[in-house]
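Novice: File input_29.txt follows (compact mmCIF, C-alpha atoms):
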# COMPACT_ATOMS: atom_id res chain seq x y z
CA MET A 1 16.57 58.99 11.01
CA ASN A 2 15.55 56.19 8.72
CA SER A 3 12.10 54.85 9.28
CA PRO A 4 11.52 51.13 8.75
CA ASP A 5 11.66 50.61 5.02
CA HIS A 6 9.24 48.50 3.06
CA GLY A 7 10.37 47.13 -0.26
CA VAL A 8 13.22 49.58 -0.72
CA GLY A 9 15.23 48.72 -3.79
CA TRP A 10 18.94 48.28 -4.28
CA ALA A 11 19.67 51.92 -5.03
CA GLY A 12 17.12 53.49 -2.71
CA VAL A 13 18.82 53.45 0.70
CA ASN A 14 21.63 55.56 2.02
CA PRO A 15 24.28 53.47 3.69
CA ASP A 16 24.23 54.06 7.41
CA GLU A 17 27.50 55.48 8.62
CA GLY A 18 27.03 54.19 12.14
CA THR A 19 27.27 56.30 15.23
CA PRO A 20 30.67 57.97 15.62
CA ALA A 21 30.19 59.00 19.27
CA LEU A 22 29.33 55.48 20.34
CA GLU A 23 32.12 53.98 18.23
CA GLY A 24 34.54 56.33 19.96
CA ALA A 25 33.29 55.39 23.44
CA VAL A 26 33.46 51.67 22.64
CA ALA A 27 36.99 52.05 21.25
CA THR A 28 38.07 53.88 24.41
CA VAL A 29 36.67 51.15 26.67
CA LEU A 30 38.50 48.50 24.65
CA ARG A 31 41.76 50.44 24.60
CA VAL A 32 41.79 51.15 28.34
CA GLY A 33 40.67 47.61 29.21
CA VAL A 34 43.24 45.89 27.04
CA LEU A 35 46.16 48.13 28.04
CA ALA A 36 45.34 47.90 31.75
CA SER A 37 44.87 44.13 31.74
CA CYS A 38 47.96 43.45 29.65
CA GLY A 39 49.99 45.72 31.94
CA VAL A 40 48.81 43.76 34.99
CA ILE A 41 49.42 40.44 33.20
CA ALA A 42 52.96 41.48 32.22
CA ALA A 43 53.69 42.64 35.79
CA GLY A 44 52.43 39.33 37.17
CA THR A 45 54.57 37.36 34.73
CA VAL A 46 57.72 39.33 35.54
CA LEU A 47 57.03 38.99 39.25
CA THR A 48 56.61 35.23 38.85
CA LEU A 49 59.89 34.89 36.97
CA VAL A 50 61.77 37.07 39.47
CA ALA A 51 60.44 35.56 42.71
CA ARG A 52 62.14 32.24 43.26
CA SER A 53 59.37 30.38 45.05
CA SER A 54 56.70 31.07 42.44
CA ARG A 55 59.21 30.39 39.66
CA ASP A 56 59.70 26.90 41.01
CA ALA A 57 55.96 26.47 41.24
CA ALA A 58 55.66 27.62 37.64
CA ALA A 59 58.33 25.19 36.41
CA HIS A 60 56.61 22.38 38.25
CA SER A 61 53.28 23.34 36.76
CA LEU A 62 54.67 23.61 33.22
CA ARG A 63 56.08 20.09 33.40
CA GLY A 64 52.71 18.93 34.64
CA LEU A 65 50.97 20.48 31.63
CA ARG A 66 52.41 17.87 29.31
CA ARG A 67 50.73 15.00 31.04
CA GLY A 68 47.45 14.87 29.18
CA VAL A 69 43.78 15.07 29.86
CA LEU A 70 43.47 12.33 32.43
CA HIS A 71 46.25 13.81 34.56
CA PRO A 72 45.50 17.49 34.90
CA ALA A 73 48.34 19.79 35.83
CA PRO A 74 48.87 20.60 39.49
CA LEU A 75 47.18 23.88 40.18
CA HIS A 76 49.44 26.63 41.41
CA PHE A 77 47.09 29.57 41.00
CA PRO A 78 44.19 30.69 43.18
CA HIS A 79 40.65 29.63 42.32
CA THR A 80 38.49 31.75 44.51
CA ILE A 81 38.11 35.47 44.94
CA SER A 82 39.40 35.25 48.53
CA GLY A 83 42.35 33.12 47.39
CA LEU A 84 43.10 35.70 44.73
CA ALA A 85 42.88 38.55 47.23
CA HIS A 86 45.16 36.65 49.60
CA GLY A 87 47.71 36.05 46.82
CA LEU A 88 47.61 39.68 45.73
CA ALA A 89 48.14 40.88 49.30
CA HIS A 90 51.31 38.75 49.45
CA GLY A 91 52.67 39.98 46.12
CA ASP A 92 52.19 36.58 44.47
CA GLY A 93 53.05 36.72 40.72
CA PRO A 94 50.59 34.09 39.45
CA SER A 95 47.77 35.84 41.36
CA LEU A 96 48.61 39.15 39.71
CA ALA A 97 48.70 37.49 36.27
CA LEU A 98 45.34 35.92 37.01
CA LEU A 99 43.90 39.30 37.99
CA GLY A 100 45.06 40.62 34.60
CA VAL A 101 43.44 37.70 32.79
CA LEU A 102 40.17 38.38 34.63
CA LEU A 103 40.35 42.07 33.68
CA LEU A 104 40.88 41.03 30.06
CA ILE A 105 37.84 38.73 30.13
CA ALA A 106 35.81 41.57 31.67
CA THR A 107 36.76 44.02 28.88
CA PRO A 108 34.30 42.77 26.21
CA VAL A 109 31.57 42.62 28.86
CA LEU A 110 32.22 46.25 29.71
CA ARG A 111 32.21 47.08 26.00
CA VAL A 112 28.71 45.60 25.61
CA THR A 113 27.53 47.44 28.73
CA VAL A 114 28.71 50.76 27.28
CA SER A 115 26.92 49.94 24.01
CA VAL A 116 23.64 49.35 25.85
CA VAL A 117 23.94 52.78 27.50
CA GLY A 118 24.95 54.36 24.18
CA TYR A 119 21.93 53.00 22.33
CA VAL A 120 19.63 54.07 25.17
CA LEU A 121 20.98 57.60 24.79
CA GLU A 122 20.44 57.40 21.03
CA ARG A 123 16.90 56.06 21.57
CA ASP A 124 17.63 53.20 19.19
CA ARG A 125 15.15 50.77 20.69
CA ALA A 126 16.00 47.75 18.53
CA PHE A 127 19.67 47.96 19.42
CA VAL A 128 18.98 48.58 23.11
CA VAL A 129 17.17 45.23 23.12
CA ILE A 130 19.85 43.49 21.04
CA THR A 131 22.78 44.65 23.16
CA ALA A 132 20.89 44.06 26.44
CA VAL A 133 20.20 40.45 25.41
CA VAL A 134 23.88 39.95 24.52
CA LEU A 135 24.86 41.36 27.91
CA ALA A 136 22.38 39.04 29.64
CA ILE A 137 23.82 36.00 27.85
CA LEU A 138 27.36 37.02 28.82
CA LEU A 139 26.42 37.46 32.47
CA ALA A 140 24.50 34.17 32.42
CA SER A 141 27.59 32.39 31.08
CA PHE A 142 29.63 33.64 34.03
CA ALA A 143 26.87 32.64 36.45
CA LEU A 144 26.82 29.21 34.80
CA ALA A 145 30.55 28.84 35.42
CA MET H 1 63.08 24.50 29.08
CA THR H 2 63.29 27.06 31.88
CA PRO H 3 60.23 29.13 32.76
CA LEU H 4 61.90 32.18 31.19
CA ASP H 5 62.55 30.38 27.88
CA LEU H 6 59.02 29.10 27.81
CA THR H 7 57.60 32.54 28.62
CA LEU H 8 59.58 34.10 25.76
CA ALA H 9 58.64 31.32 23.33
CA LEU H 10 54.96 31.69 24.19
CA PHE H 11 55.27 35.46 23.78
CA GLY H 12 56.79 34.97 20.30
CA VAL H 13 54.05 32.59 19.20
CA GLY H 14 51.57 35.16 20.47
CA VAL H 15 53.03 38.00 18.37
CA VAL H 16 52.76 35.94 15.14
CA ALA H 17 49.26 34.70 15.96
CA GLY H 18 48.10 38.21 16.86
CA ALA H 19 49.39 39.84 13.66
CA LEU H 20 47.93 37.22 11.33
CA GLY H 21 44.76 37.04 13.37
CA ALA H 22 44.09 40.78 13.22
CA LEU H 23 44.72 40.88 9.49
CA LEU H 24 42.54 37.88 8.68
CA GLY H 25 39.71 38.51 11.15
CA LEU H 26 40.66 35.49 13.18
CA GLY H 27 41.39 35.60 16.88
CA GLY H 28 44.69 33.81 16.40
CA GLY H 29 43.43 30.63 18.09
CA PHE H 30 43.85 28.85 14.76
CA ILE H 31 47.61 29.23 15.24
CA LEU H 32 47.72 29.05 19.01
CA VAL H 33 45.84 25.83 19.64
CA PRO H 34 47.88 23.83 17.08
CA ALA H 35 51.15 25.49 18.16
CA LEU H 36 50.56 24.86 21.85
CA THR H 37 49.47 21.26 21.38
CA LEU H 38 51.69 20.16 18.47
CA VAL H 39 54.86 22.17 19.17
CA PHE H 40 54.80 22.71 22.94
CA GLY H 41 53.02 19.44 23.69
CA LEU H 42 50.52 21.05 26.04
CA ASN H 43 47.30 19.42 27.10
CA ILE H 44 44.64 20.53 24.60
CA ARG H 45 42.25 21.78 27.29
CA LEU H 46 44.87 24.12 28.72
CA ALA H 47 45.88 25.16 25.19
CA ILE H 48 42.25 26.04 24.51
CA GLY H 49 41.99 27.92 27.80
CA ALA H 50 45.09 29.98 26.99
CA SER H 51 43.87 30.54 23.45
CA ILE H 52 40.49 31.86 24.51
CA VAL H 53 42.19 34.51 26.65
CA ALA H 54 44.55 35.44 23.81
CA VAL H 55 41.62 35.67 21.43
CA ILE H 56 40.04 38.33 23.66
CA ALA H 57 43.31 40.30 23.58
CA THR H 58 43.66 40.13 19.77
CA SER H 59 40.07 41.01 19.19
CA SER H 60 39.90 43.91 21.59
CA GLY H 61 43.27 45.29 20.46
CA ALA H 62 42.45 45.07 16.76
CA ALA H 63 38.90 46.36 17.28
CA VAL H 64 40.25 49.65 18.66
CA ALA H 65 42.07 50.29 15.37
CA TYR H 66 39.21 49.05 13.20
CA LEU H 67 36.63 51.25 14.92
CA ARG H 68 38.89 54.28 14.56
CA ASP H 69 39.40 53.56 10.85
CA HIS H 70 35.62 52.93 10.33
CA MET H 71 36.54 49.53 8.99
CA ALA H 72 34.38 47.41 11.31
CA ASN H 73 30.57 47.54 11.02
CA MET H 74 29.62 47.87 14.68
CA ARG H 75 25.87 47.46 14.13
CA VAL H 76 26.30 44.24 12.18
CA GLY H 77 28.70 43.04 14.88
CA MET H 78 26.31 43.76 17.76
CA PHE H 79 23.41 42.17 15.89
CA LEU H 80 25.31 38.97 15.13
CA GLU H 81 26.66 38.74 18.68
CA LEU H 82 23.14 37.64 19.65
CA ALA H 83 23.86 34.35 17.88
CA THR H 84 27.58 33.99 18.60
CA THR H 85 27.19 34.32 22.38
CA THR H 86 24.30 31.85 22.48
CA GLY H 87 26.37 29.47 20.37
CA ALA H 88 29.47 29.97 22.49
CA VAL H 89 27.71 28.97 25.69
CA SER H 90 26.26 25.85 24.01
CA GLY H 91 29.68 24.96 22.61
CA ALA H 92 31.56 25.43 25.85
CA VAL H 93 29.08 23.20 27.69
CA LEU H 94 29.27 20.58 24.91
CA GLY H 95 33.09 20.69 25.01
CA SER H 96 33.22 19.15 28.47
CA LEU H 97 31.40 16.11 27.10
CA LEU H 98 33.65 15.42 24.10
CA VAL H 99 37.02 13.64 23.89
CA PRO H 100 40.02 15.63 22.53
CA ARG H 101 40.26 13.54 19.36
CA ALA H 102 36.74 14.53 18.37
CA LEU H 103 37.66 18.19 18.97
CA TYR H 104 40.61 17.94 16.56
CA ILE H 105 38.50 16.35 13.86
CA ILE H 106 35.61 18.82 14.20
CA PHE H 107 38.11 21.68 14.13
CA GLY H 108 39.90 20.28 11.05
CA LEU H 109 36.70 19.69 9.07
CA ALA H 110 35.24 23.10 9.88
CA LEU H 111 38.46 24.77 8.77
CA ALA H 112 38.74 22.81 5.52
CA GLN H 113 35.17 23.68 4.61
CA SER H 114 35.54 27.42 5.14
CA GLY H 115 38.98 27.56 3.49
CA VAL H 116 37.65 26.00 0.31
CA ALA H 117 34.58 28.25 0.32
CA VAL H 118 36.62 31.44 0.61
CA ALA H 119 39.24 30.39 -1.96
CA ARG H 120 36.62 29.57 -4.58
CA HIS H 121 34.48 32.65 -4.19
CA LYS H 122 34.60 35.65 -6.48
CA SER H 123 35.45 39.09 -5.16
CA VAL H 124 32.71 41.56 -4.27
CA GLU H 125 33.03 43.57 -7.48
CA HIS H 126 32.02 40.62 -9.63
CA ARG H 127 29.12 39.44 -7.53
CA PRO H 128 25.48 40.01 -8.41
CA PRO H 129 23.83 42.46 -5.98
CA PRO H 130 22.56 40.58 -2.93
CA PRO H 131 18.80 40.19 -2.51
CA PRO H 132 17.04 42.94 -0.51
CA ASP H 133 16.79 42.23 3.20
CA ALA H 134 13.99 43.97 5.13
CA LEU H 135 15.56 43.16 8.51
CA ALA H 136 18.92 44.67 7.48
CA ASP H 137 17.05 47.79 6.27
CA ARG H 138 15.07 48.06 9.49
CA LEU H 139 18.15 47.67 11.69
CA ARG H 140 20.19 49.96 9.42
CA LEU H 141 23.01 47.49 9.01
CA HIS H 142 24.32 48.80 5.69
CA GLY H 143 27.57 50.70 5.68
CA SER H 144 30.67 51.94 3.94
CA TYR H 145 34.40 51.75 4.55
CA PRO H 146 37.56 53.53 3.39
CA ASP H 147 39.63 51.35 1.06
CA ALA H 148 43.14 52.76 0.96
CA ALA H 149 44.23 50.24 -1.69
CA ARG H 150 41.66 51.72 -4.06
CA GLY H 151 41.80 55.23 -2.62
CA ARG H 152 38.08 55.72 -2.04
CA THR H 153 35.17 55.00 0.27
CA VAL H 154 33.25 51.90 -0.73
CA SER H 155 29.55 51.50 0.15
CA TYR H 156 27.98 48.11 0.61
CA ARG H 157 24.62 46.62 1.51
CA VAL H 158 24.00 43.86 4.01
CA SER H 159 21.86 40.93 2.97
CA ARG H 160 20.55 37.60 4.31
CA SER H 161 20.84 38.77 7.92
CA LYS H 162 18.78 35.84 9.24
CA LEU H 163 21.00 33.29 7.50
CA GLY H 164 23.92 35.22 8.98
CA LEU H 165 22.47 34.76 12.47
CA GLY H 166 22.18 31.00 11.93
CA LEU H 167 25.76 30.71 10.69
CA MET H 168 26.98 32.80 13.62
CA TYR H 169 25.31 30.43 16.06
CA VAL H 170 27.39 27.61 14.55
CA ALA H 171 30.50 29.80 14.62
CA GLY H 172 29.84 30.65 18.27
CA ALA H 173 29.38 26.98 19.16
CA LEU H 174 32.70 26.15 17.50
CA SER H 175 34.29 29.01 19.39
CA GLY H 176 33.08 27.71 22.73
CA LEU H 177 34.00 24.15 21.79
CA LEU H 178 37.52 24.81 20.57
CA GLY H 179 38.71 28.02 22.20
CA VAL H 180 39.12 29.79 18.89
CA GLY H 181 37.55 33.06 17.87
CA SER H 182 36.06 31.07 14.99
CA GLY H 183 36.75 33.93 12.61
CA VAL H 184 37.32 31.10 10.12
CA LEU H 185 33.55 30.74 10.07
CA LYS H 186 32.56 34.33 10.88
CA VAL H 187 34.48 35.86 7.99
CA PRO H 188 32.94 33.59 5.32
CA ALA H 189 29.48 34.03 6.86
CA MET H 190 29.71 37.81 6.46
CA ASP H 191 31.72 37.79 3.25
CA LEU H 192 29.89 35.06 1.34
CA ALA H 193 26.39 34.98 2.84
CA MET H 194 25.75 38.55 3.97
CA GLY H 195 27.60 40.37 1.20
CA LEU H 196 30.04 42.39 3.32
CA PRO H 197 33.39 43.23 1.67
CA ILE H 198 36.25 40.99 2.80
CA LYS H 199 37.99 43.78 4.75
CA VAL H 200 34.82 44.78 6.57
CA SER H 201 34.22 41.09 7.29
CA THR H 202 37.64 40.57 8.87
CA ALA H 203 37.41 43.83 10.84
CA THR H 204 33.87 43.11 12.08
CA SER H 205 34.83 39.53 12.86
CA ASN H 206 37.64 40.84 15.08
CA PHE H 207 35.19 43.20 16.75
CA MET H 208 32.78 40.37 17.59
CA ILE H 209 35.28 37.71 18.59
CA GLY H 210 36.07 39.25 21.98
CA VAL H 211 32.47 39.04 23.13
CA THR H 212 32.06 35.51 21.77
CA ALA H 213 35.25 34.41 23.51
CA ALA H 214 34.30 36.10 26.78
CA ALA H 215 31.08 34.07 26.85
CA SER H 216 33.04 30.81 26.72
CA ALA H 217 35.97 32.09 28.82
CA GLY H 218 33.65 32.14 31.83
CA VAL H 219 32.90 28.46 31.38
CA TYR H 220 36.58 27.56 30.84
CA PHE H 221 37.60 29.58 33.84
CA GLY H 222 35.14 27.69 36.01
CA ARG H 223 36.70 24.42 34.82
CA ASP H 224 40.25 25.60 35.73
CA ASP H 225 41.31 25.31 32.09
CA ILE H 226 42.80 28.81 32.13
CA ASP H 227 46.32 28.80 33.56
CA PRO H 228 47.42 32.42 33.99
CA LEU H 229 51.13 31.60 33.60
CA ILE H 230 50.53 30.03 30.18
CA ALA H 231 47.93 32.59 29.09
CA ALA H 232 49.87 35.66 30.29
CA PRO H 233 52.83 35.80 27.88
CA ILE H 234 50.61 34.74 24.97
CA ALA H 235 48.04 37.45 25.71
CA VAL H 236 50.66 40.21 25.80
CA GLY H 237 52.37 38.91 22.62
CA VAL H 238 49.08 38.57 20.79
CA LEU H 239 48.07 42.12 21.69
CA LEU H 240 51.29 43.59 20.28
CA GLY H 241 50.98 41.45 17.16
CA ALA H 242 47.33 42.45 16.69
CA LEU H 243 48.09 46.16 16.88
CA GLY H 244 50.70 45.69 14.13
CA GLY H 245 48.39 43.58 11.98
CA ALA H 246 45.51 46.06 12.27
CA ARG H 247 47.74 48.84 10.93
CA MET H 248 48.44 46.80 7.81
CA LEU H 249 44.84 46.00 6.82
CA PRO H 250 43.74 49.21 5.02
CA GLY H 251 46.58 48.91 2.48
CA VAL H 252 46.21 45.21 1.73
CA ASN H 253 44.89 44.00 -1.63
CA PRO H 254 41.53 42.26 -0.96
CA ARG H 255 42.23 39.41 -3.37
CA ARG H 256 45.54 38.63 -1.72
CA LEU H 257 43.89 38.83 1.69
CA ARG H 258 41.31 36.29 0.59
CA LEU H 259 43.96 33.92 -0.76
CA LEU H 260 46.10 34.24 2.36
CA PHE H 261 43.04 33.52 4.46
CA ALA H 262 42.23 30.37 2.49
CA LEU H 263 45.84 29.12 2.56
CA VAL H 264 46.29 29.60 6.30
CA VAL H 265 42.98 27.96 7.03
CA LEU H 266 43.64 24.94 4.82
CA ALA H 267 47.13 24.40 6.26
CA VAL H 268 45.84 24.42 9.83
CA SER H 269 42.97 22.17 8.84
CA VAL H 270 45.31 19.47 7.49
CA ASP H 271 47.40 19.75 10.63
CA MET H 272 44.45 19.22 12.95
CA LEU H 273 42.96 16.37 10.91
CA VAL H 274 46.29 14.52 10.98
CA LYS H 275 46.48 15.07 14.71
CA GLY H 276 42.94 13.82 15.24
CA ALA H 277 43.38 10.76 13.02
CA THR H 278 46.62 9.50 14.55
As structure tokens - that is how I would like this structure written.

Specialist:
Amino acid sequence: MNSPDHGVGWAGVNPDEGTPALEGAVATVLRVGVLASCGVIAAGTVLTLVARSSRDAAAHSLRGLRRGVLHPAPLHFPHTISGLAHGLAHGDGPSLALLGVLLLIATPVLRVTVSVVGYVLERDRAFVVITAVVLAILLASFALA
Amino acid sequence: MTPLDLTLALFGVGVVAGALGALLGLGGGFILVPALTLVFGLNIRLAIGASIVAVIATSSGAAVAYLRDHMANMRVGMFLELATTTGAVSGAVLGSLLVPRALYIIFGLALAQSGVAVARHKSVEHRPPPPPDALADRLRLHGSYPDAARGRTVSYRVSRSKLGLGLMYVAGALSGLLGVGSGVLKVPAMDLAMGLPIKVSTATSNFMIGVTAAASAGVYFGRDDIDPLIAAPIAVGVLLGALGGARMLPGVNPRRLRLLFALVVLAVSVDMLVKGAT
């Protein structure tokens, strides 16, 4: 492995090809996360369009969206974890779509988590610290919200 | 417009935004936010909320292809995410304090600036070698990528990594503020300041955007700006578009890519400035 270089010139360093194993693991996490979340999102959307009651709610909400900042749209989707669980248990389309959106938001977080583990396994101390800090910022942003 | 029509229209906008976004290293928010506000007449906060979700889908979808093709520089991406996530949180918090008109104008100006910078810059082959960068050496950020258009693997060195961090903080703040991936700033920061080839810059930008967007998505979600019924069809459309766009990148001529990037960015910039000024 490359040791820290001091004053290495333009021609003196081999380009680093990265870490194929970790790249593969990260790509897999992204692929699974995106496909799963988009599948759930699509199912939720179809369910919303098919079920009459939630379709009406959706139409109402979409009209409301055009009103502008001072008149926020009426909210037709759950806002709490228990509300989401309740909606899911009743086969509510918007709740399912929301679950998909949450899975999608979680995908990059999972990707960073896998990178932290990968760099720990590779004993790449600098990148363990870098990715762990990124993960901490991400988690803090969710805590903030 | 019935809910079905609207769902299909949003899906279509998503496909276009995803394909162009993946190719240009942008999340697609640069098309989505103007399209949703100007064409569909949606409230800008909800447009931004939907866009930030779509941006995660484009980025993650395109990143899969770019990692497989060894196009994205994962180490550079991870390193710069330090700054983009910090910036994104600052931007998302700041966004709740600003009026929509100010958002349009900031967006328009930032776009115009980066469009001009990219259009005017020479291609990598004609640039002087970048100055040595001890931090980039220490973190082993340098890399290489396969360029199908030229039929060979091209090595490159990363430079000015600290300047890159600073620029990425600004890009992250814009991302949190406006619900865009802010690839419009990330790509020039890597391409112009850090010396990465344009294709590696767009691929790495896509790789990073998902994490940047996730950092601000949390804040938007907490503010109820993310409506799943608006975000859902766009996210699915954007993902399909992004997978198509990512397949096209290896064969694209870098000079054309650069010009297309500048043109798209300038057009959107004019659009947003007009919207903000009227």

Novice: I'd like the neighbourhood of Gly100 in chain A as a ChimeraX atom specification, where a residue qualifies if any of its atoms comes within 12 Å (using all atoms listed in the file), though same-chain residues fewer than 2 positions away should be ignored.

Specialist: /A:33-45,84,88,93-98,102-107 /H:53-54,57,227-229,231-233,235-236

Novice: Find the spatial neighbours of Ala112 in chain H, counting all atoms listed in the file, within a cut-off of 8 Å - ignore same-chain residues fewer than 4 positions away - and output them as a VMD selection string.

Specialist: chain H and resid 108 116 265 to 266 269 to 270

Novice: Compute the chain H side of the contact with chain A at 6 Å, counting all atoms listed in the file, and hand it back as JSON, numbers by chain.

Specialist: {"H": [3, 41, 42, 43, 60, 64, 82, 138, 142, 143, 210, 211, 214, 215, 218, 219, 222, 228, 232, 236]}

Novice: Enter the distance from CA of Ala21 in chain A to CA of Phe79 in chain H, in Å, rounded to one decimal.

Specialist: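 CA of Ala21 in chain A sits 18.5 Å away from CA of Phe79 in chain H.
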
Novice: Just the number, please: distance in Å from CA of Thr204 in chain H to CA of Met74 in chain H, one decimal.

Specialist: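 Atom-to-atom, CA of Thr204 in chain H to CA of Met74 in chain H, that is 6.9 Å.
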
Novice: What is the distance, in Å and to one decimal place, between CA of Ser161 in chain H and CA of Glu122 in chain A?

Specialist: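 Computed distance, CA of Ser161 in chain H to CA of Glu122 in chain A, equals 22.8 Å.
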
Novice: As AutoDock Vina command-line options, please: the centre and edge lengths in Å, to one decimal, of an axis-aligned box enclosing every listed atom of range 110-122 of chain A with 3 Å added on each side.

Specialist:
--center_x 25.9 --center_y 51.6 --center_z 25.4 --size_x 18.6 --size_y 18.0 --size_z 14.7

Novice: Of the residues H:Thr7, H:Thr202, H:Thr278, H:Thr37, which is the one nearest to Ser59 in chain H, using all atoms listed in the file?

Specialist: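 Nearest to Ser59 in chain H: H:Thr202.
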
Novice: Can you pull out every residue within 7 Å of range 187-197 of chain H, counting all atoms listed in the file, but drop anything in the same chain fewer than 6 positions away, and send it as an MDAnalysis selection string?

Specialist: chainID H and resid 25 114 118 124 130 156:161 164 167 205

Novice: Just the residues within 8 Å of range 88-97 of chain H, please, counting all atoms listed in the file, with nothing from its chain fewer than 2 positions along; format it as a list in words.

Specialist: Ser141 of chain A; Thr84, Thr85, Thr86, Val99, Leu103, Tyr169, Ala171, Gly172, Ala173, Leu174, Ser175, Gly176, Leu177, Leu178, Thr212, Ala213, Ala215, Ser216, Val219 and Tyr220 of chain H

Novice: Measuring atom to atom with all atoms listed in the file, identify which of H:Leu80, H:Val55, H:Val200, H:Ala119 is nearest to Ala262 in chain H.

Specialist: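 Counting all atoms listed in the file, the residue closest to Ala262 in chain H is H:Ala119.
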
Novice: Compare H:Arg68, H:Arg140, H:Arg120, H:Lys162 by their minimum atom-to-atom distance to Ala83 in chain H, counting all atoms listed in the file, and give me the closest one.

Specialist: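 Nearest to Ala83 in chain H: H:Lys162.
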
Novice: Can you pull out every residue within 10 Å of Phe11 in chain H, counting only C-alpha atoms, but drop anything in the same chain fewer than 2 positions away, and send it as JSON, numbers by chain?

Specialist: {"H": [5, 6, 7, 8, 9, 13, 14, 15, 16, 17, 230, 231, 232, 233, 234, 235, 236, 237, 238, 240, 241]}

Novice: Calculated over only C-alpha atoms, which of the candidates H:Leu111, H:Ala62, H:Ile48, H:Leu24 has the smallest distance to Arg247 in chain H?

Specialist: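 Smallest separation from Arg247 in chain H among the options: H:Ala62.
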
Novice: From the coordinates supplied, range 86-103 of chain A should be written with C-alpha atoms, as a CSV table (one decimal), in the first residue's frame.

Specialist:
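So selection.csv came out as:
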chain,number,residue,atom,x,y,z
A,86,HIS,CA,-51.8,2.2,10.7
A,87,GLY,CA,-52.1,3.2,7.0
A,88,LEU,CA,-50.1,0.3,5.9
A,89,ALA,CA,-52.2,-2.1,7.9
A,90,HIS,CA,-55.3,-0.8,6.1
A,91,GLY,CA,-53.8,-1.1,2.6
A,92,ASP,CA,-53.7,2.7,2.2
A,93,GLY,CA,-51.9,3.7,-1.1
A,94,PRO,CA,-50.4,7.0,0.0
A,95,SER,CA,-48.9,5.3,3.1
A,96,LEU,CA,-47.3,2.6,0.9
A,97,ALA,CA,-45.9,5.3,-1.4
A,98,LEU,CA,-44.5,7.1,1.6
A,99,LEU,CA,-42.9,3.9,2.9
A,100,GLY,CA,-41.1,3.6,-0.5
A,101,VAL,CA,-40.0,7.3,-0.3
A,102,LEU,CA,-38.5,6.6,3.2
A,103,LEU,CA,-36.7,3.5,1.9
